[in-house]
Amino acid sequence: MTGMGDDGAEGLGAIKAAGGMTIAQSEDTCVVSGMPRAAIVKGYANKIIPLDGLASYLVSNYGAERSSSEKFEKNDKHEKNERTPVSSSRT
């Protein structure tokens, strides 16, 4: 969603290579059209979505998964509170 040139493209490529879902903002909705170009040209974006459609795409495609993870996080909070915090002194 941000950056110009190849600065974020390789990271997006690594996510895609690891099996992750990758999304690039459509060039026509960018302030600078070159921002997503490198990732798109290299084929690293699974989807190209206009900025104003991103939220609805994520909710409609991944909303149910988030609900499951939120339940896990709520259950996990009690367990985390029982753990001893780890700290290090800085001098």
# chains A, B, ... in the order shown; residues from 1 in each chain; ligands from 1

call {"tool": "residues_around", "arguments": {"residues": "A:Pro36", "least_positions_apart": "6", "cutoff": "12 Å", "atoms": "only C-alpha atoms", "output": "ChimeraX atom specification"}}
result
/A:1-10,12,22-30,42-45,47-51

call {"tool": "select_by_dssp", "arguments": {"residues": "stretch 6-48 of chain A", "states": "alpha helix (DSSP H)", "output": "number ranges by chain"}}
result
A: 9-17, 37-41

call {"tool": "atom_distance", "arguments": {"atom1": "atom CA of A:Ala39", "atom2": "atom CA of A:Ile15"}}
result
11.6 Å

call {"tool": "atom_distance", "arguments": {"atom1": "atom CA of A:Gly63", "atom2": "atom CA of A:Gly20"}}
result
16.3 Å

call {"tool": "atom_distance", "arguments": {"atom1": "atom CA of A:Ala17", "atom2": "atom CA of A:Gly53"}}
result
24.8 Å
